[in-house]
$ cat structure.txt   # compact mmCIF, C-alpha atoms
# COMPACT_ATOMS: atom_id res chain seq x y z
CA MET A 1 8.74 17.04 -6.45
CA THR A 2 6.99 19.45 -4.16
CA GLY A 3 3.41 19.87 -3.12
CA ARG A 4 3.02 23.10 -5.12
CA ARG A 5 -0.10 23.40 -7.28
CA ARG A 6 0.81 22.33 -10.78
CA ASN A 7 0.03 24.06 -14.07
CA ARG A 8 -2.82 21.96 -15.34
CA SER A 9 -2.50 23.02 -18.95
CA THR A 10 1.11 22.03 -19.50
CA SER A 11 3.36 20.29 -17.01
CA LEU A 12 1.30 17.16 -16.31
CA ARG A 13 -0.97 16.98 -19.32
CA GLY A 14 1.24 15.68 -22.09
CA LEU A 15 1.26 17.41 -25.47
CA PRO A 16 -0.03 21.00 -25.62
CA GLY A 17 -3.69 21.21 -26.51
CA ARG A 18 -4.33 17.53 -25.88
CA SER A 19 -7.70 16.92 -24.27
CA ARG A 20 -8.53 13.72 -22.39
CA THR A 21 -12.15 14.00 -23.50
CA THR A 22 -11.17 13.69 -27.15
CA ARG A 23 -9.43 10.37 -26.71
CA THR A 24 -11.09 7.25 -27.99
CA GLY A 25 -14.02 6.01 -25.94
CA ALA A 26 -14.12 2.38 -27.07
CA LEU A 27 -11.81 -0.51 -26.21
CA SER A 28 -10.82 -1.57 -29.70
CA ALA A 29 -9.78 -5.04 -30.78
CA GLY A 30 -6.35 -3.65 -31.48
CA ALA A 31 -6.08 -2.45 -27.89
CA LEU A 32 -7.01 -5.91 -26.66
CA VAL A 33 -4.31 -7.45 -28.81
CA ALA A 34 -1.81 -4.94 -27.48
CA CYS A 35 -2.80 -5.80 -23.93
CA ALA A 36 -2.36 -9.52 -24.59
CA SER A 37 1.03 -8.96 -26.16
CA LEU A 38 2.45 -7.20 -23.13
CA ALA A 39 4.16 -9.38 -20.56
CA VAL A 40 2.34 -7.59 -17.78
CA GLY A 41 -0.67 -9.82 -17.27
CA CYS A 42 -3.43 -7.39 -18.24
CA GLY A 43 -6.95 -8.46 -17.38
CA ILE A 44 -10.30 -6.85 -18.10
CA VAL A 45 -13.75 -6.80 -16.59
CA PRO A 46 -15.67 -6.55 -19.91
CA GLY A 47 -17.04 -3.19 -20.99
CA ALA A 48 -16.12 -0.21 -23.13
CA THR A 49 -13.63 2.36 -21.97
CA GLY A 50 -14.52 5.96 -21.34
CA GLY A 51 -15.91 8.03 -18.54
CA SER A 52 -18.36 10.59 -19.86
CA GLY A 53 -22.10 10.60 -20.33
CA ASP A 54 -23.46 7.10 -19.78
CA ASP A 55 -20.24 5.37 -20.83
CA PRO A 56 -18.59 2.92 -18.41
CA ILE A 57 -15.96 4.34 -16.09
CA THR A 58 -12.61 2.69 -16.75
CA VAL A 59 -9.89 2.36 -14.10
CA MET A 60 -6.84 0.14 -13.58
CA THR A 61 -5.44 -1.79 -10.61
CA TRP A 62 -1.97 -3.34 -10.67
CA ALA A 63 0.16 -5.44 -8.33
CA PRO A 64 2.96 -8.03 -8.55
CA GLN A 65 1.95 -11.66 -9.02
CA GLU A 66 3.82 -14.96 -9.41
CA THR A 67 7.22 -13.48 -8.58
CA ALA A 68 10.05 -14.66 -6.34
CA ALA A 69 9.58 -11.66 -4.04
CA THR A 70 6.47 -9.89 -2.68
CA ASN A 71 3.18 -10.81 -4.37
CA LYS A 72 -0.22 -9.16 -4.00
CA PRO A 73 -2.61 -11.18 -6.21
CA GLY A 74 -5.54 -10.37 -3.95
CA MET A 75 -5.49 -6.69 -4.95
CA PRO A 76 -6.34 -7.03 -8.67
CA ALA A 77 -8.57 -10.04 -7.89
CA PHE A 78 -10.58 -7.99 -5.42
CA ALA A 79 -10.74 -5.05 -7.84
CA ARG A 80 -12.36 -7.31 -10.43
CA ALA A 81 -14.77 -8.67 -7.82
CA TYR A 82 -15.64 -5.12 -6.76
CA ALA A 83 -16.46 -4.19 -10.35
CA ARG A 84 -18.77 -7.21 -10.67
CA TRP A 85 -20.43 -6.27 -7.38
CA ILE A 86 -20.89 -2.58 -8.13
CA ASN A 87 -22.24 -3.32 -11.60
CA ALA A 88 -24.67 -5.90 -10.19
CA HIS A 89 -26.00 -3.14 -7.95
CA GLY A 90 -26.54 -0.49 -10.63
CA GLY A 91 -23.02 0.84 -11.12
CA ILE A 92 -21.83 4.22 -9.85
CA ASN A 93 -24.43 6.90 -10.57
CA GLY A 94 -25.85 4.51 -13.16
CA ARG A 95 -22.51 4.06 -14.94
CA LYS A 96 -20.86 0.66 -15.14
CA LEU A 97 -17.36 0.29 -13.70
CA ASN A 98 -14.77 -1.25 -16.02
CA VAL A 99 -11.63 -2.52 -14.26
CA LEU A 100 -8.40 -3.31 -16.09
CA THR A 101 -5.72 -5.18 -14.15
CA CYS A 102 -2.01 -5.53 -14.69
CA ASN A 103 0.89 -7.55 -13.24
CA ASP A 104 3.91 -5.34 -12.51
CA HIS A 105 6.07 -8.46 -11.89
CA ASN A 106 8.12 -6.58 -9.25
CA ASP A 107 9.99 -5.15 -12.20
CA SER A 108 10.49 -1.55 -13.30
CA VAL A 109 10.02 -2.31 -17.00
CA ALA A 110 6.74 -4.12 -16.38
CA ALA A 111 5.56 -1.37 -14.00
CA ALA A 112 6.17 1.22 -16.73
CA LYS A 113 4.26 -0.95 -19.23
CA CYS A 114 1.30 -1.10 -16.84
CA ALA A 115 1.30 2.69 -16.61
CA ARG A 116 1.55 3.12 -20.38
CA GLN A 117 -1.32 0.67 -20.82
CA ALA A 118 -3.39 2.75 -18.40
CA VAL A 119 -2.69 5.83 -20.53
CA LYS A 120 -3.50 4.00 -23.76
CA GLU A 121 -6.81 2.72 -22.41
CA ASN A 122 -7.74 6.23 -21.21
CA VAL A 123 -8.38 5.18 -17.63
CA VAL A 124 -9.71 7.90 -15.34
CA ALA A 125 -7.63 6.66 -12.37
CA VAL A 126 -5.33 3.93 -11.13
CA VAL A 127 -6.98 2.63 -7.96
CA GLY A 128 -5.83 0.44 -5.06
CA SER A 129 -2.49 -0.68 -6.50
CA TYR A 130 0.93 -1.90 -5.32
CA SER A 131 4.31 -1.32 -6.94
CA GLN A 132 7.70 -0.41 -5.55
CA TYR A 133 8.75 1.13 -8.88
CA ALA A 134 7.29 4.60 -8.55
CA ASP A 135 10.05 6.12 -10.68
CA ALA A 136 8.86 3.90 -13.54
CA PHE A 137 5.08 4.24 -13.32
CA PHE A 138 4.52 7.81 -12.13
CA PRO A 139 6.02 9.65 -15.16
CA PRO A 140 3.53 8.14 -17.67
CA LEU A 141 0.62 8.75 -15.29
CA GLU A 142 1.69 12.32 -14.58
CA GLY A 143 2.21 13.02 -18.28
CA ALA A 144 -1.39 11.98 -18.96
CA GLY A 145 -2.83 13.56 -15.81
CA ILE A 146 -4.09 10.24 -14.39
CA PRO A 147 -4.57 10.20 -10.58
CA TYR A 148 -3.14 7.37 -8.47
CA ILE A 149 -5.74 6.76 -5.76
CA GLY A 150 -5.06 4.52 -2.79
CA GLY A 151 -1.66 3.07 -3.58
CA TYR A 152 -0.19 0.68 -1.01
CA GLY A 153 2.27 3.30 0.24
CA ILE A 154 5.41 1.27 -0.42
CA THR A 155 7.39 4.22 -1.86
CA ASN A 156 8.00 7.75 -0.70
CA THR A 157 7.00 9.09 -4.14
CA GLU A 158 3.41 8.14 -3.33
CA PHE A 159 3.55 10.86 -0.70
CA THR A 160 5.13 13.51 -2.93
CA SER A 161 3.52 13.27 -6.38
CA PRO A 162 0.73 15.84 -6.87
CA LEU A 163 -1.28 13.13 -8.65
CA SER A 164 -1.05 10.67 -5.75
CA TYR A 165 -3.96 10.41 -3.32
CA PRO A 166 -2.93 7.84 -0.66
CA VAL A 167 -5.51 6.45 1.77
CA ASN A 168 -3.01 5.31 4.41
CA GLY A 169 0.33 6.44 5.78
CA GLY A 170 2.24 3.72 3.93
CA GLN A 171 5.57 2.41 5.12
CA PRO A 172 6.47 5.81 6.68
CA ALA A 173 3.63 5.67 9.22
CA LEU A 174 3.98 1.93 9.90
CA LEU A 175 7.69 2.10 10.63
CA ALA A 176 7.52 5.35 12.59
CA GLY A 177 4.73 3.88 14.71
CA LEU A 178 6.65 0.65 15.22
CA GLY A 179 9.80 2.52 16.24
CA ASP A 180 7.82 4.54 18.77
CA ALA A 181 6.41 1.32 20.27
CA LEU A 182 9.81 -0.39 20.45
CA ALA A 183 11.63 2.58 21.99
CA ASP A 184 10.41 1.79 25.51
CA ASN A 185 10.61 -1.99 25.17
CA CYS A 186 13.88 -2.76 23.41
CA GLY A 187 17.60 -2.60 23.90
CA PRO A 188 19.59 -2.69 20.65
CA VAL A 189 17.33 -2.82 17.58
CA THR A 190 18.27 -4.38 14.24
CA LEU A 191 16.25 -3.74 11.06
CA ILE A 192 16.43 -6.33 8.29
CA ARG A 193 15.13 -4.82 5.09
CA PRO A 194 15.33 -5.37 1.31
CA ASP A 195 18.46 -4.25 -0.48
CA THR A 196 16.39 -2.20 -2.91
CA ILE A 197 15.65 1.46 -3.61
CA ALA A 198 12.36 1.15 -1.71
CA GLY A 199 14.22 -0.61 1.11
CA ASP A 200 16.73 2.23 1.35
CA GLN A 201 13.94 4.47 2.63
CA LEU A 202 13.03 2.28 5.62
CA PRO A 203 15.83 2.86 8.18
CA ALA A 204 15.21 6.61 8.55
CA LEU A 205 11.50 5.96 9.09
CA LEU A 206 12.01 3.38 11.84
CA ASP A 207 14.67 5.60 13.41
CA SER A 208 12.25 8.55 13.52
CA GLY A 209 9.94 6.53 15.78
CA LEU A 210 12.80 5.27 17.92
CA ALA A 211 14.12 8.81 18.31
CA SER A 212 10.71 10.07 19.45
CA GLY A 213 11.05 7.67 22.39
CA GLY A 214 14.67 8.62 23.10
CA HIS A 215 16.14 5.45 21.59
CA ALA A 216 19.31 5.13 19.52
CA PRO A 217 19.01 4.38 15.77
CA ALA A 218 18.55 0.80 14.65
CA HIS A 219 21.28 -1.23 13.01
CA ASP A 220 20.54 -1.22 9.27
CA GLN A 221 20.96 -4.70 7.82
CA ARG A 222 20.32 -5.25 4.12
CA ALA A 223 19.11 -8.55 2.68
CA ALA A 224 18.14 -9.91 -0.73
CA GLU A 225 14.38 -9.61 -1.15
CA ASP A 226 14.10 -12.93 -3.01
CA ALA A 227 16.39 -15.16 -0.93
CA THR A 228 15.32 -18.73 -0.12
CA GLU A 229 17.01 -18.71 3.31
CA TYR A 230 18.42 -16.13 5.72
CA ASP A 231 20.66 -18.17 8.02
CA GLY A 232 23.56 -15.73 7.82
CA GLN A 233 21.31 -12.72 8.18
CA SER A 234 19.64 -14.23 11.25
CA GLU A 235 22.96 -14.88 12.96
CA GLN A 236 24.14 -11.34 12.26
CA ALA A 237 20.90 -9.80 13.51
CA LEU A 238 21.00 -11.83 16.72
CA GLN A 239 24.61 -10.93 17.41
CA ARG A 240 23.74 -7.23 17.21
CA ALA A 241 20.48 -7.48 19.14
CA THR A 242 22.14 -9.34 22.03
CA ALA A 243 25.28 -7.20 22.17
CA ASP A 244 24.16 -5.65 25.47
CA PRO A 245 23.43 -8.50 27.94
CA SER A 246 21.67 -6.10 30.33
CA GLU A 247 18.89 -5.32 27.84
CA THR A 248 16.52 -7.36 25.69
CA GLY A 249 17.22 -6.52 22.07
CA CYS A 250 14.73 -6.46 19.23
CA VAL A 251 14.89 -7.74 15.65
CA VAL A 252 12.64 -6.09 13.04
CA PRO A 253 12.26 -7.94 9.73
CA ALA A 254 10.54 -5.86 7.04
CA LEU A 255 10.94 -8.06 3.98
CA GLY A 256 7.38 -8.27 2.68
CA ASP A 257 6.51 -11.81 1.64
CA ARG A 258 10.03 -12.96 2.50
CA THR A 259 9.56 -12.08 6.18
CA GLY A 260 8.25 -15.60 6.76
CA THR A 261 11.35 -17.07 5.11
CA PHE A 262 13.55 -14.94 7.37
CA MET A 263 11.63 -16.06 10.46
CA ASP A 264 12.15 -19.72 9.56
CA SER A 265 15.89 -19.14 9.64
CA PHE A 266 15.61 -16.88 12.68
CA ARG A 267 13.71 -19.48 14.74
CA ARG A 268 16.51 -21.99 14.30
CA ALA A 269 19.29 -19.51 15.01
CA ARG A 270 17.76 -17.83 18.09
CA GLN A 271 18.06 -21.00 20.19
CA ASP A 272 21.77 -20.26 20.62
CA TYR A 273 21.27 -16.66 21.79
CA PRO A 274 19.69 -14.82 24.73
CA GLU A 275 16.02 -13.87 24.43
CA VAL A 276 15.13 -11.15 21.94
CA ARG A 277 11.82 -9.63 20.88
CA THR A 278 10.59 -9.11 17.36
CA GLY A 279 8.54 -6.42 15.69
CA THR A 280 7.27 -5.96 12.16
CA VAL A 281 4.60 -4.28 10.08
CA LEU A 282 1.31 -5.52 8.69
CA GLY A 283 1.91 -6.71 5.16
CA SER A 284 5.01 -8.54 6.33
CA VAL A 285 2.96 -10.64 8.78
CA ASP A 286 -0.73 -11.25 9.44
CA GLN A 287 -2.81 -13.74 11.44
CA THR A 288 -2.56 -16.34 8.69
CA THR A 289 1.24 -16.12 8.84
CA ILE A 290 1.21 -16.44 12.62
CA ASN A 291 -1.02 -19.53 12.45
CA ALA A 292 1.16 -21.15 9.79
CA THR A 293 4.32 -20.67 11.86
CA GLY A 294 3.11 -22.28 15.07
CA GLY A 295 0.82 -19.76 16.72
CA ALA A 296 1.70 -19.28 20.39
CA SER A 297 4.76 -21.53 20.04
CA GLY A 298 5.93 -19.76 16.87
CA PRO A 299 8.55 -17.06 16.30
CA TYR A 300 6.07 -14.17 16.36
CA GLU A 301 4.83 -14.65 19.92
CA GLY A 302 5.26 -11.34 21.75
CA ALA A 303 5.97 -9.43 18.53
CA TYR A 304 4.69 -5.91 18.02
CA VAL A 305 2.93 -5.35 14.68
CA THR A 306 1.77 -2.01 13.32
CA GLY A 307 -1.05 -1.72 10.80
CA TRP A 308 -3.11 1.00 9.13
CA TYR A 309 -6.61 -0.20 9.78
CA PRO A 310 -8.88 -1.79 12.39
CA ALA A 311 -8.57 -5.54 13.00
CA SER A 312 -10.13 -7.70 10.30
CA SER A 313 -12.81 -8.84 12.78
CA ASP A 314 -14.11 -5.25 13.09
CA ARG A 315 -17.66 -4.77 11.80
CA ARG A 316 -16.52 -1.86 9.67
CA TRP A 317 -15.17 -4.46 7.23
CA ASP A 318 -18.62 -6.02 6.70
CA GLY A 319 -19.08 -4.19 3.38
CA MET A 320 -15.85 -5.61 1.99
CA LYS A 321 -16.72 -9.10 3.19
CA LYS A 322 -20.11 -8.83 1.51
CA VAL A 323 -18.42 -8.08 -1.81
CA ILE A 324 -16.15 -11.11 -1.38
CA GLU A 325 -19.07 -13.35 -0.40
CA GLU A 326 -21.21 -12.28 -3.34
CA GLN A 327 -18.60 -12.05 -6.08
CA ALA A 328 -15.39 -13.86 -5.03
CA PHE A 329 -16.39 -16.65 -2.68
CA GLY A 330 -13.85 -19.43 -3.06
CA ASP A 331 -11.13 -17.23 -4.56
CA ASN A 332 -8.21 -18.09 -2.30
CA SER A 333 -6.17 -15.14 -3.54
CA ILE A 334 -8.55 -12.74 -1.76
CA ASP A 335 -7.92 -12.75 1.98
CA PRO A 336 -10.06 -10.20 3.89
CA ALA A 337 -7.29 -9.93 6.50
CA ASP A 338 -4.67 -8.99 3.88
CA ALA A 339 -3.58 -5.35 4.05
CA GLY A 340 -3.44 -5.18 0.24
CA VAL A 341 -7.04 -6.36 -0.17
CA GLN A 342 -8.13 -3.97 2.59
CA THR A 343 -6.34 -1.07 0.92
CA THR A 344 -8.01 -1.90 -2.39
CA TRP A 345 -11.45 -1.89 -0.75
CA ILE A 346 -10.79 1.48 0.89
CA ALA A 347 -9.40 2.92 -2.36
CA TYR A 348 -12.48 1.85 -4.33
CA THR A 349 -14.77 3.09 -1.55
CA ALA A 350 -13.06 6.47 -1.83
CA PHE A 351 -13.21 6.38 -5.64
CA LYS A 352 -16.95 5.65 -5.58
CA GLU A 353 -17.54 8.63 -3.30
CA ILE A 354 -15.45 10.86 -5.57
CA VAL A 355 -17.43 9.85 -8.66
CA GLU A 356 -20.75 10.27 -6.85
CA SER A 357 -19.71 13.80 -5.87
CA LEU A 358 -19.58 14.67 -9.59
CA GLY A 359 -23.24 13.76 -10.08
CA ASP A 360 -24.28 13.53 -13.72
CA GLY A 361 -21.22 15.44 -14.88
CA GLU A 362 -18.37 14.19 -16.99
CA ILE A 363 -16.13 11.57 -15.36
CA THR A 364 -12.54 11.98 -16.54
CA ALA A 365 -9.12 12.05 -14.95
CA ASP A 366 -9.31 15.85 -15.05
CA THR A 367 -12.70 16.14 -13.34
CA ILE A 368 -11.62 13.69 -10.64
CA THR A 369 -8.37 15.52 -9.89
CA HIS A 370 -10.17 18.88 -10.00
CA ALA A 371 -12.63 17.64 -7.37
CA LEU A 372 -9.86 16.30 -5.14
CA ASP A 373 -7.62 19.32 -5.53
CA ASP A 374 -10.51 21.64 -4.77
CA GLY A 375 -10.76 20.16 -1.27
CA LEU A 376 -13.27 17.30 -1.56
CA LYS A 377 -13.54 15.42 1.73
CA VAL A 378 -13.77 11.65 1.33
CA GLY A 379 -15.11 9.20 3.90
CA THR A 380 -14.21 5.51 4.06
CA GLY A 381 -16.86 4.12 6.37
CA GLY A 382 -14.79 4.83 9.46
CA LEU A 383 -11.85 2.68 8.36
CA THR A 384 -9.66 5.78 8.08
CA PRO A 385 -10.07 9.38 9.16
CA THR A 386 -11.94 11.55 6.66
CA LEU A 387 -9.48 12.09 3.82
CA GLN A 388 -8.67 15.42 2.21
CA TRP A 389 -5.53 15.99 0.16
CA LYS A 390 -3.86 19.38 0.23
CA PHE A 391 -0.80 20.59 -1.65
CA GLN A 392 0.94 21.61 1.56
CA ASP A 393 -0.17 19.43 4.45
CA LYS A 394 1.31 18.97 7.91
CA LEU A 395 4.17 16.75 6.70
CA ALA A 396 5.15 18.79 3.64
CA SER A 397 8.17 20.19 5.49
CA VAL A 398 9.75 16.72 5.75
CA GLY A 399 8.99 15.69 2.18
CA PHE A 400 5.57 14.01 2.56
CA PRO A 401 3.10 16.64 1.27
CA ARG A 402 0.51 14.00 0.28
CA LEU A 403 0.60 11.98 3.51
CA VAL A 404 -2.73 12.91 5.11
CA ASN A 405 -3.51 9.79 7.17
CA THR A 406 -0.86 9.46 9.87
CA GLU A 407 -2.76 7.02 12.06
CA VAL A 408 -1.61 3.45 12.69
CA THR A 409 -2.88 0.70 14.93
CA LEU A 410 -0.55 -1.13 17.31
CA GLN A 411 -1.07 -4.84 17.83
CA VAL A 412 0.85 -7.54 19.66
CA VAL A 413 0.90 -11.33 19.29
CA ARG A 414 -0.39 -12.89 22.51
CA GLN A 415 -1.05 -16.61 22.78
CA GLY A 416 -0.79 -16.85 19.02
CA ARG A 417 -3.37 -14.15 18.28
CA LEU A 418 -2.96 -10.61 16.99
CA VAL A 419 -4.64 -8.40 19.57
CA SER A 420 -4.74 -4.69 20.14
CA ALA A 421 -1.82 -3.35 22.17
CA SER A 422 -3.41 0.06 22.66
CA LYS A 423 -6.84 1.62 22.49
CA GLY A 424 -7.69 3.28 19.22
CA SER A 425 -4.97 4.43 16.86
CA VAL A 426 -1.57 6.05 17.24
CA ASP A 427 -0.82 9.35 15.48
CA THR A 428 2.67 9.26 13.96
CA THR A 429 2.75 12.90 12.86
CA GLN A 430 5.29 14.03 15.43
CA ALA A 431 7.63 11.11 14.79
CA LEU A 432 7.49 11.64 11.04
CA GLN A 433 8.16 15.36 11.40
CA ASN A 434 11.57 14.40 12.77
CA ALA A 435 12.34 11.83 10.07
CA ASP A 436 15.55 12.33 8.11
CA VAL A 437 14.40 11.15 4.68
CA ALA A 438 16.55 13.44 2.54
$ encode --input "structure.txt" --output "structure tokens"
Amino acid sequence: MTGRRRNRSTSLRGLPGRSRTTRTGALSAGALVACASLAVGCGIVPGATGGSGDDPITVMTWAPQETAATNKPGMPAFARAYARWINAHGGINGRKLNVLTCNDHNDSVAAAKCARQAVKENVVAVVGSYSQYADAFFPPLEGAGIPYIGGYGITNTEFTSPLSYPVNGGQPALLAGLGDALADNCGPVTLIRPDTIAGDQLPALLDSGLASGGHAPAHDQRAAEDATEYDGQSEQALQRATADPSETGCVVPALGDRTGTFMDSFRRARQDYPEVRTGTVLGSVDQTTINATGGASGPYEGAYVTGWYPASSDRRWDGMKKVIEEQAFGDNSIDPADAGVQTTWIAYTAFKEIVESLGDGEITADTITHALDDGLKVGTGGLTPTLQWKFQDKLASVGFPRLVNTEVTLQVVRQGRLVSASKGSVDTTQALQNADVA
């Protein structure tokens, strides 16, 4: 899919002549039963569906929960808390916000069901969500013309679909930035990544950053994303990383929630090998993970970590923390330092600004996408650069026409704490322009 402007009246709008404004505006009992019958964990912040006049504005947030692989329960939990908070403060332009949530179960069938449920409930957008099954959820959304605002950036499709409006640079920016940082500090580099379709996209992205620093490509090592131990994988990674005794090699686990499991195995195995460094991306490790694995004496000491946003201690997060304090205090699934929760906050901040830009006009999927496609600039309180999505942006030539935020932050673990390794942010545009993601 290219970044070319689509034909609004046909290609992404479902059946000819179908108008989103003529769909039902009330959440019927039958729809509630249908939601309960789906094995996708739908949840609702009470209120009627719709998005015109004074009707509530209905959106959806989805993410995997209670699976054997990566889980992001904090994203839908925060979305519900945000709806309670915004409604307690008068709504958006006087309209209440109605949030539906869905569990994609890390499964393509469930991800597609979430998307179909979004279409059925006539949501005006899917906001702040996580799923690695873009091929399953984008077709229903595109067929109904529903924008996907602020996805986690786990798949390349999020940076190609004309109905995707990402707030960060996703895995492409994180890995390119990490590769650039490791190029000057590592000998042989080994990437351990999931043996999945989404995982297949990671090596070229890390290699683009390594190449920008004149480094050879990383060894690509696949691993099961739901394994309970990685003893064999750790041994193999260490053998490759220490192949050149004159240089300190680096091991880069990018296994989402299973990164911690890998590091447990890696810590035991590394005792029999020369010293190596580690690097990873935010989302695979955070301060909580570092604390739980021994802090300064743990396996992450000295590791480089790339992220999208300022450190969680930054005052620019005060608005998000206020929402949590007022509406989700005590909910352990919502961690303000979690990249998924942070992405959800930024996505809803952007969504609020988009809706406010429409004033008293009709709020539908069409009016939202019209506003965005007409060049609306969206601020996020300084947590990202000002966002504006174009059909042919600076990375369109390498297959990322929707990737508009190329900045990442570089951190390092020192004495058990994640601290900044450089001032400000790092622009990964140049590295990504050389990425071979065909």
$ closest_residue --input "structure.txt" --among "A:Arg95, A:Arg193, A:Lys322, A:Arg414" --to "Glu356 (chain A)" --atoms "all atoms listed in the file"
A:Arg95
$ residues_around --input "structure.txt" --residues "region 70-80 of chain A" --least-positions-apart "3" --cutoff "9 Å" --atoms "all atoms listed in the file" --output "mmCIF file with C-alpha atoms, in the frame of the given file"
data_model
loop_
_atom_site.group_PDB
_atom_site.id
_atom_site.type_symbol
_atom_site.label_atom_id
_atom_site.label_comp_id
_atom_site.auth_asym_id
_atom_site.auth_seq_id
_atom_site.Cartn_x
_atom_site.Cartn_y
_atom_site.Cartn_z
ATOM 1 C CA GLY A 43 -6.950 -8.460 -17.380
ATOM 2 C CA ILE A 44 -10.300 -6.850 -18.100
ATOM 3 C CA VAL A 45 -13.750 -6.800 -16.590
ATOM 4 C CA MET A 60 -6.840 0.140 -13.580
ATOM 5 C CA THR A 61 -5.440 -1.790 -10.610
ATOM 6 C CA TRP A 62 -1.970 -3.340 -10.670
ATOM 7 C CA ALA A 63 0.160 -5.440 -8.330
ATOM 8 C CA PRO A 64 2.960 -8.030 -8.550
ATOM 9 C CA GLN A 65 1.950 -11.660 -9.020
ATOM 10 C CA GLU A 66 3.820 -14.960 -9.410
ATOM 11 C CA THR A 67 7.220 -13.480 -8.580
ATOM 12 C CA ALA A 83 -16.460 -4.190 -10.350
ATOM 13 C CA ARG A 84 -18.770 -7.210 -10.670
ATOM 14 C CA TRP A 85 -20.430 -6.270 -7.380
ATOM 15 C CA ASN A 98 -14.770 -1.250 -16.020
ATOM 16 C CA VAL A 99 -11.630 -2.520 -14.260
ATOM 17 C CA LEU A 100 -8.400 -3.310 -16.090
ATOM 18 C CA THR A 101 -5.720 -5.180 -14.150
ATOM 19 C CA CYS A 102 -2.010 -5.530 -14.690
ATOM 20 C CA ASN A 103 0.890 -7.550 -13.240
ATOM 21 C CA HIS A 105 6.070 -8.460 -11.890
ATOM 22 C CA ASN A 106 8.120 -6.580 -9.250
ATOM 23 C CA VAL A 127 -6.980 2.630 -7.960
ATOM 24 C CA GLY A 128 -5.830 0.440 -5.060
ATOM 25 C CA SER A 129 -2.490 -0.680 -6.500
ATOM 26 C CA TYR A 130 0.930 -1.900 -5.320
ATOM 27 C CA GLU A 225 14.380 -9.610 -1.150
ATOM 28 C CA ASP A 226 14.100 -12.930 -3.010
ATOM 29 C CA LEU A 255 10.940 -8.060 3.980
ATOM 30 C CA GLY A 256 7.380 -8.270 2.680
ATOM 31 C CA ASP A 257 6.510 -11.810 1.640
ATOM 32 C CA ARG A 258 10.030 -12.960 2.500
ATOM 33 C CA VAL A 323 -18.420 -8.080 -1.810
ATOM 34 C CA ILE A 324 -16.150 -11.110 -1.380
ATOM 35 C CA GLN A 327 -18.600 -12.050 -6.080
ATOM 36 C CA ALA A 328 -15.390 -13.860 -5.030
ATOM 37 C CA ASP A 331 -11.130 -17.230 -4.560
ATOM 38 C CA ASN A 332 -8.210 -18.090 -2.300
ATOM 39 C CA SER A 333 -6.170 -15.140 -3.540
ATOM 40 C CA ILE A 334 -8.550 -12.740 -1.760
ATOM 41 C CA ASP A 335 -7.920 -12.750 1.980
ATOM 42 C CA ASP A 338 -4.670 -8.990 3.880
ATOM 43 C CA GLY A 340 -3.440 -5.180 0.240
ATOM 44 C CA VAL A 341 -7.040 -6.360 -0.170
ATOM 45 C CA GLN A 342 -8.130 -3.970 2.590
ATOM 46 C CA THR A 343 -6.340 -1.070 0.920
ATOM 47 C CA THR A 344 -8.010 -1.900 -2.390
ATOM 48 C CA TRP A 345 -11.450 -1.890 -0.750
ATOM 49 C CA TYR A 348 -12.480 1.850 -4.330
#
$ closest_residue --input "structure.txt" --among "A:Ala204, A:Val426, A:Ala69, A:Val404" --to "Val167 (chain A)" --atoms "all atoms listed in the file"
A:Val404
$ axis_aligned_box --input "structure.txt" --around "region 120-136 of chain A" --padding-each-side "3 Å" --output "JSON"
{"center_x": 0.2, "center_y": 3.0, "center_z": -14.4, "size_x": 25.8, "size_y": 15.8, "size_z": 24.7}
$ atom_distance --input "structure.txt" --atom1 "CA of Leu358 (chain A)" --atom2 "CA of Leu387 (chain A)"
17.0 Å
$ decode --input "structure.txt" --residues "region 309-314 of chain A" --atoms "N, CA, C and O atoms" --output "CSV table (one decimal), in the first residue's frame"
chain,number,residue,atom,x,y,z
A,309,TYR,N,10.0,8.4,24.1
A,309,TYR,CA,9.5,9.5,24.8
A,309,TYR,C,10.5,9.9,25.9
A,309,TYR,O,11.4,9.2,26.2
A,310,PRO,N,10.2,11.1,26.5
A,310,PRO,CA,11.1,11.5,27.7
A,310,PRO,C,11.0,10.5,28.8
A,310,PRO,O,10.0,9.7,28.9
A,311,ALA,N,11.9,10.5,29.7
A,311,ALA,CA,11.9,9.6,30.9
A,311,ALA,C,10.6,9.8,31.7
A,311,ALA,O,10.0,10.9,31.7
A,312,SER,N,10.1,8.8,32.3
A,312,SER,CA,8.9,8.8,33.1
A,312,SER,C,8.9,9.9,34.2
A,312,SER,O,7.8,10.3,34.7
A,313,SER,N,10.0,10.3,34.6
A,313,SER,CA,10.1,11.3,35.7
A,313,SER,C,9.9,12.7,35.2
A,313,SER,O,9.8,13.7,35.9
A,314,ASP,N,9.9,12.9,33.8
A,314,ASP,CA,9.8,14.2,33.2
A,314,ASP,C,8.4,14.8,33.6
A,314,ASP,O,7.4,14.2,33.6
